[in-house]
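Input: a single structure, listed below in structure tokens.
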Amino acid sequence: MMNFRKRKIKWGFVFFFTPVFLWLSLLFVMPHLELLRLSFVGTDYYGKSGFTLGNYAAFFTEPAYWLTFARTATYSIVITLIVLMIALPMAFYITKVVGLRVRGLLNLMVIVPFWVSVLIRVYGWMIILRESGIINRVLIGLGIWKTPMEMLYNDVSLVIGLVHTNLLFMLVPIIGVMDSLDDSLIEAASNLGANKLMVWWKIILPHCMSGIMSGSIIVFMLITGSYITPSLMGGKNSQWFTQQIYNQFIIAFNWNQGAAFGLLLLAISSLIVWIALKVTRQKLGEVVK
Amino acid sequence: MIRTLPNTSGYKIGFNLFAGAYFLFLFAPLVMVCILAFNDSMFPALPWYGFTLDWFIGKGPGKVGLFYNPLNMNAILTSLKVAFGVSLLSTFVGTCAAFLFDQEEFRFKKLFYLLMIAPMVVPGVILGISTLSFVNSLGGLIERTIGIDLRILSPGLFLVMCGQSAFITTFVALVVIARLRKFDRTLEEAAYNLGATRFEVIWHITLKFLRPSIIGGAAVAFLLSFENFNTTLFLIGSKPTLPIALFAQIRDGGTPVVNAVSVLLMFGMSLVALGNLYLSRKNDGK
């Protein structure tokens with residue numbers, strides 16, 4: 001009997017394993033290995049291609065490249081923190097402050113805008129902020145401004161767009177952990193004389209750390225990898241690193257350079273995530289659930 | 001501080017104002033897009049010239065509505081095709097992955113599991129360029145060795161489907177695994193004891209139990225594929241999907257047709273999402 005079942009299970013294993021193996025190898029592992037190979041290939045003056053470190057060297061010697069890179073990384077960290085600062089009180093409001101009946105409604109209202117694609121949300125902001133946009137029309141109509149002002153295509157509009165498109169991915173994990181925080185802990189601390197700041201610092205934040213980390217990691221990755229928002233809402237002189245990759249691949253048709261850029265982007269985002277995990281002593285397995 | 005503790009009215013008002021500002025920030029762009037789809041104007045901007053449906057059903061001249069706009073209608077059709085293909089492929093493979101990681105034991109299982117999660121955390125742009133590079137090299141290799149130029153391996157809808165499935169399959173797998181973990185394995189054992197084969201057990205028992213999560217996973221796959229931009233950008237050929245077509249129109253300052261498409265999209269997405277929500281509620285209730 002045992003033998004019989006064992007053989008059956010082997011067939012099941014083959015049936016399940018084959019598609020998964022094909023998917024991961026053909027659509028994920030081999031493409032990335034090929035990207036890695038391409039990033040070490042260069043063409044010399046005679047048109048012969050061979051191994052080179054030149055693609056990576058170009059990144060470090062050309063300020064336009066690494067400045068964009070540093071800018072993307074810095075802005076991603078700052079924007080992630082802004083998103084966190086907005087999401088924390090909002091999650092607290094939804095899980096602990098409002099009445100239980102309103103809660104379900106708020107939960108739904110928080111999610112609904114995210115069913116709409118990023119592109120349309122960014123378009124909405126463009127309609128609001130641009131020179132012929134809603135804000136300018138209204139303010140001029142009210143006589144507050146005389147001439148329209150361009151509020152799009154600068155760093156502030158870029159931050160607005162990226163915060164708006166990523167809020168939910170921070171909010172959901174934090175609501176999840178905050179929900180599991182027992183109210184009586186906060187009540188006890190409060191009864192024993194702790195002020196609000198103390199309660200946040202000693203009770204709420206430590207309890208929510210896993211949710212904060214997973215939210216921050218997801219949001220950070222989404223921001224560094226975003227393309228739509230920086231290209232439509234950011235300034236003309238301040239590119240995002242994903243746009244550099246696009247330029248190399250599609251416009252300059254220099255795939256080797258573009259491959260090196262892609263791997264550098266992958267490396268920096270993995271590195272920052274790794275540092276964040278180390279600093280807060282979390283494990284990736286717990287964060288990516 | 002919380003609802004069970006006495007709070008000053010200032011604290012409550014402050015928090016309510018914050019929440020109000022939050023929702024204003026969240027909904028303002030969407031509401032504006034919707035309102036301006038019905039403005040009788042050539043530009044998606046104020047002032048308000050009156051209500052019209054021309055940007056949906058106008059036949060021109062002047063205002064050509066969405067339903068008579070071949071660029072956007074074709075793009076919607078292309079996106080539907082791609083999303084359909086991707087949900088079929090990723091739902092099948094994702095379900096296989098769920099069974100593999102929940103029910104089978106094999107060497108390097110942990111490593112494979114990590115590998116399966118990885119496509120989710122790789123930026124979409126990088127998935128796009130890696131798929132493009134790999135398929136291009138593969139096509140070149142085939143042409144040099146066998147002498148056949150495989151058209152299917154040049155940028156186009158097939159490539160878009162491959163690139164999107166690479167990460168969407170992970171989402172489906174995680175949705176199905178979450179449900180499979182709740183499955184009572186004694187049900188399977190009972191069926192084995194009654195003489196069922198593994199195939200029969202999976203078909204009649206496990207898949208029945210998994211059905212809501214498989215449908216849910218397919219819906220997620222459809223939505224993710226339909227609105228995917230970053231991966232698609234690098235793999236698209238001459239036929240743009242809707243996000244690619246919309247991006248170009250928005251960048252070059254489009255007409256209110258873009259608003260009309262957005263309204264249509266919001267409507268469709270809400271239908272799928274609400275249907276999905278309804279299904280999952282119904283099944284949780286049981």
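Residues in the structure tokens are named by chain (A, B, ... in the order shown) and by number from 1 within that chain; ligands are numbered from 1 in the order shown.
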
Give me the residues of chain B that have any atom at most 7 Å from an atom of chain A; for each, the nearest atom pair and the distance in Å, rounded to one decimal. Use only C-alpha atoms, sort by chain and number, and format it as CSV.
residue,atom,partner,partner_atom,distance
B:Ile2,CA,A:Val97,CA,4.9
B:Arg3,CA,A:Val97,CA,4.9
B:Leu5,CA,A:Glu187,CA,7.0
B:Ala19,CA,A:Met90,CA,6.8
B:Leu26,CA,A:His164,CA,6.8
B:Phe27,CA,A:Pro113,CA,6.8
B:Pro29,CA,A:Gly124,CA,4.0
B:Leu30,CA,A:Gly124,CA,5.9
B:Met32,CA,A:Gly124,CA,6.3
B:Val33,CA,A:Gly124,CA,5.4
B:Ala45,CA,A:Gly133,CA,6.0
B:Leu46,CA,A:Ile134,CA,6.3
B:Val93,CA,A:Pro19,CA,5.9
B:Cys96,CA,A:Phe16,CA,4.8
B:Ala97,CA,A:Val20,CA,5.8
B:Phe99,CA,A:Phe16,CA,6.8
B:Leu100,CA,A:Phe16,CA,5.6
B:Glu104,CA,A:Phe13,CA,6.6
B:Met116,CA,A:Leu24,CA,7.0
B:Pro123,CA,A:Gly225,CA,5.1
B:Gly124,CA,A:Gly225,CA,6.8
B:Val125,CA,A:Gly225,CA,6.7
B:Ile126,CA,A:Gly262,CA,5.7
B:Ser130,CA,A:Pro31,CA,4.8
B:Thr131,CA,A:Pro31,CA,5.2
B:Ser133,CA,A:Leu35,CA,6.4
B:Phe134,CA,A:Pro31,CA,4.7
B:Cys162,CA,A:Leu27,CA,6.8
B:Gly163,CA,A:Leu27,CA,7.0
B:Ala166,CA,A:Leu27,CA,5.5
B:Arg198,CA,A:Lys8,CA,6.8
B:Glu227,CA,A:Ser117,CA,6.0
B:Asn230,CA,A:Tyr227,CA,6.6
B:Ile250,CA,A:Tyr123,CA,6.9
B:Arg251,CA,A:Leu232,CA,6.4
B:Ser262,CA,A:Ile120,CA,6.3
B:Met266,CA,A:Val116,CA,5.8
B:Met269,CA,A:Trp115,CA,6.3
B:Ser270,CA,A:Trp115,CA,6.8

- request: Could you give me the residues within segment 109-287 of chain A that DSSP places in alpha helix (DSSP H), as JSON, numbers by chain?
  value: {"A": [109, 110, 111, 118, 119, 120, 121, 122, 123, 124, 125, 126, 127, 128, 129, 134, 135, 136, 137, 138, 139, 140, 141, 155, 156, 157, 158, 159, 160, 161, 162, 163, 164, 165, 166, 167, 168, 169, 170, 171, 172, 173, 174, 175, 176, 177, 178, 179, 183, 184, 185, 186, 187, 188, 189, 190, 191, 196, 197, 198, 199, 205, 206, 207, 208, 209, 210, 211, 212, 213, 214, 215, 216, 217, 218, 219, 220, 221, 222, 223, 224, 228, 229, 230, 231, 232, 233, 241, 242, 243, 244, 245, 246, 255, 256, 257, 258, 259, 260, 261, 262, 263, 264, 265, 266, 267, 268, 269, 270, 271, 272, 273, 274, 275, 276, 277, 278, 279, 280, 284, 285, 286, 287]}

Please save C-alpha atoms of the selected residues as a compact mmCIF listing (two decimals), in the first residue's frame.
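Saved as again.txt:
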# COMPACT_ATOMS: atom_id res chain seq x y z
CA MET A 109 -12.60 53.87 1.13
CA VAL A 110 -8.88 53.53 1.70
CA ILE A 111 -8.62 50.72 -0.85
CA VAL A 118 -1.33 54.49 -11.45
CA LEU A 119 -1.46 56.12 -14.85
CA ILE A 120 -4.93 57.56 -14.27
CA ARG A 121 -4.11 58.77 -10.78
CA VAL A 122 -1.02 60.55 -12.10
CA TYR A 123 -3.14 62.02 -14.90
CA GLY A 124 -5.54 63.34 -12.25
CA TRP A 125 -2.69 65.12 -10.50
CA MET A 126 -1.51 66.58 -13.79
CA ILE A 127 -4.99 67.98 -14.44
CA ILE A 128 -4.97 69.54 -10.98
CA LEU A 129 -1.45 70.94 -10.86
CA ILE A 134 -7.73 73.22 -11.59
CA ILE A 135 -5.75 74.94 -8.83
CA ASN A 136 -4.58 77.75 -11.09
CA ARG A 137 -8.09 78.25 -12.51
CA VAL A 138 -9.69 78.38 -9.10
CA LEU A 139 -7.12 80.67 -7.53
CA ILE A 140 -7.15 83.07 -10.47
CA GLY A 141 -10.94 82.98 -10.50
CA ASP A 155 10.38 67.78 -7.25
CA VAL A 156 7.37 68.65 -5.12
CA SER A 157 4.91 67.36 -7.71
CA LEU A 158 7.07 64.25 -8.10
CA VAL A 159 6.87 63.60 -4.34
CA ILE A 160 3.10 64.21 -4.32
CA GLY A 161 2.64 61.69 -7.10
CA LEU A 162 4.82 59.01 -5.57
CA VAL A 163 3.28 59.41 -2.11
CA HIS A 164 -0.20 59.17 -3.57
CA THR A 165 0.49 56.07 -5.63
CA ASN A 166 2.14 54.15 -2.78
CA LEU A 167 0.18 54.99 0.38
CA LEU A 168 -1.91 51.83 0.36
CA PHE A 169 1.07 49.48 0.31
CA MET A 170 2.22 51.01 3.59
CA LEU A 171 -1.23 51.29 5.12
CA VAL A 172 -2.39 47.69 4.64
CA PRO A 173 0.48 45.92 6.47
CA ILE A 174 0.42 48.48 9.29
CA ILE A 175 -3.35 48.14 9.74
CA GLY A 176 -2.76 44.38 9.87
CA VAL A 177 -0.33 44.51 12.80
CA MET A 178 -2.07 47.37 14.60
CA ASP A 179 -5.24 45.35 14.59
CA ASP A 183 -6.33 47.71 23.33
CA SER A 184 -5.92 46.86 26.99
CA LEU A 185 -2.15 47.38 26.71
CA ILE A 186 -2.73 50.98 25.67
CA GLU A 187 -5.38 51.39 28.35
CA ALA A 188 -3.04 50.00 31.01
CA ALA A 189 -0.16 52.26 29.98
CA SER A 190 -2.49 55.22 29.91
CA ASN A 191 -3.91 54.42 33.35
CA LYS A 196 0.67 59.74 24.26
CA LEU A 197 4.27 59.96 23.10
CA MET A 198 5.33 57.31 25.58
CA VAL A 199 2.52 54.98 24.50
CA LEU A 205 5.80 51.23 17.51
CA PRO A 206 7.54 48.12 18.88
CA HIS A 207 4.41 46.08 18.29
CA CYS A 208 3.99 47.37 14.73
CA MET A 209 7.63 46.99 13.68
CA SER A 210 7.09 43.98 11.42
CA GLY A 211 4.26 45.73 9.56
CA ILE A 212 6.25 48.95 9.29
CA MET A 213 9.20 47.07 7.85
CA SER A 214 7.26 45.09 5.30
CA GLY A 215 5.35 48.21 4.26
CA SER A 216 8.54 50.25 3.95
CA ILE A 217 10.29 47.58 1.94
CA ILE A 218 7.43 47.20 -0.53
CA VAL A 219 7.01 50.96 -0.90
CA PHE A 220 10.74 51.54 -1.31
CA MET A 221 10.99 48.90 -4.04
CA LEU A 222 7.96 50.27 -5.84
CA ILE A 223 9.33 53.82 -5.74
CA THR A 224 12.85 53.01 -6.98
CA ILE A 228 5.27 56.48 -14.94
CA THR A 229 5.22 59.00 -12.10
CA PRO A 230 8.77 60.38 -12.52
CA SER A 231 8.40 60.68 -16.30
CA LEU A 232 5.03 62.43 -16.18
CA MET A 233 5.30 64.52 -13.01
CA PHE A 241 17.16 55.90 -12.84
CA THR A 242 14.54 53.75 -14.58
CA GLN A 243 14.42 56.42 -17.30
CA GLN A 244 18.18 56.01 -17.79
CA ILE A 245 17.61 52.29 -18.31
CA TYR A 246 14.87 53.04 -20.82
CA TRP A 255 21.76 47.06 -24.31
CA ASN A 256 25.02 46.26 -22.58
CA GLN A 257 25.07 49.59 -20.80
CA GLY A 258 21.36 49.25 -20.02
CA ALA A 259 21.91 45.75 -18.60
CA ALA A 260 24.61 47.09 -16.27
CA PHE A 261 22.24 49.86 -15.13
CA GLY A 262 19.46 47.35 -14.52
CA LEU A 263 21.68 45.19 -12.34
CA LEU A 264 22.92 48.23 -10.42
CA LEU A 265 19.31 49.20 -9.71
CA LEU A 266 18.58 45.66 -8.56
CA ALA A 267 21.71 45.72 -6.39
CA ILE A 268 20.96 49.02 -4.67
CA SER A 269 17.36 48.15 -3.91
CA SER A 270 18.35 44.73 -2.54
CA LEU A 271 21.19 46.30 -0.52
CA ILE A 272 18.99 48.92 1.13
CA VAL A 273 16.35 46.32 1.92
CA TRP A 274 19.04 44.10 3.44
CA ILE A 275 20.39 46.96 5.58
CA ALA A 276 16.88 47.82 6.75
CA LEU A 277 16.32 44.19 7.73
CA LYS A 278 19.65 44.02 9.60
CA VAL A 279 19.06 47.26 11.47
CA THR A 280 15.64 46.18 12.70
CA LEU A 284 12.85 38.40 4.89
CA GLY A 285 10.62 35.36 5.30
CA GLU A 286 8.55 37.18 7.93
CA VAL A 287 8.37 40.39 5.93

field: Spatial neighbours of Leu71 of chain B, max dist 9 Å, only C-alpha atoms, sep filter under 5 positions, as a ChimeraX atom specification
entry: /B:76,240,245

Between atom CA of Ser41 of chain B and atom CA of Leu53 of chain B, distance in Å (one decimal): 11.0 Å

- request: Find the residues around Ala260 of chain B up to 7 Å (only C-alpha atoms counted), leave out those fewer than 4 positions away in its own chain, and share them as a list in words.
  value: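 Skipping anything fewer than 4 positions along the chain leaves Ala37, Trp55, Phe56, Leu66, Pro256 and Leu264 of chain B.
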
Give me the residues within 10 Å of Phe209 of chain B as a short mmCIF file (atom, residue, chain, number, x, y, z; two decimals) with C-alpha atoms, in the first residue's frame, counting only C-alpha atoms and dropping any in the same chain fewer than 5 places off.
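What landed in result08.cif:
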data_model
loop_
_atom_site.label_atom_id
_atom_site.label_comp_id
_atom_site.auth_asym_id
_atom_site.auth_seq_id
_atom_site.Cartn_x
_atom_site.Cartn_y
_atom_site.Cartn_z
CA ARG B 179 -6.16 28.82 0.93
CA LEU B 180 -4.48 25.43 0.53
CA LYS B 182 -6.43 25.88 5.46
CA PHE B 183 -7.34 22.64 3.73
CA ASP B 184 -8.13 19.69 5.98
CA ILE B 202 -7.30 16.50 -6.56
CA TRP B 203 -10.06 16.86 -9.13
CA HIS B 204 -13.06 16.10 -6.92
CA ILE B 214 -8.31 30.12 -7.99
#

task: Work out how far atom CA of Gly217 of chain B is from atom CA of Phe92 of chain B, in Å to one decimal.
output: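 Atom CA of Gly217 of chain B lies at a distance of 10.2 Å from atom CA of Phe92 of chain B.
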
- prompt: Just how far from atom CA of Phe25 of chain B is atom CA of Tyr49 of chain B, in Å to one decimal?
  reply: 25.6 Å
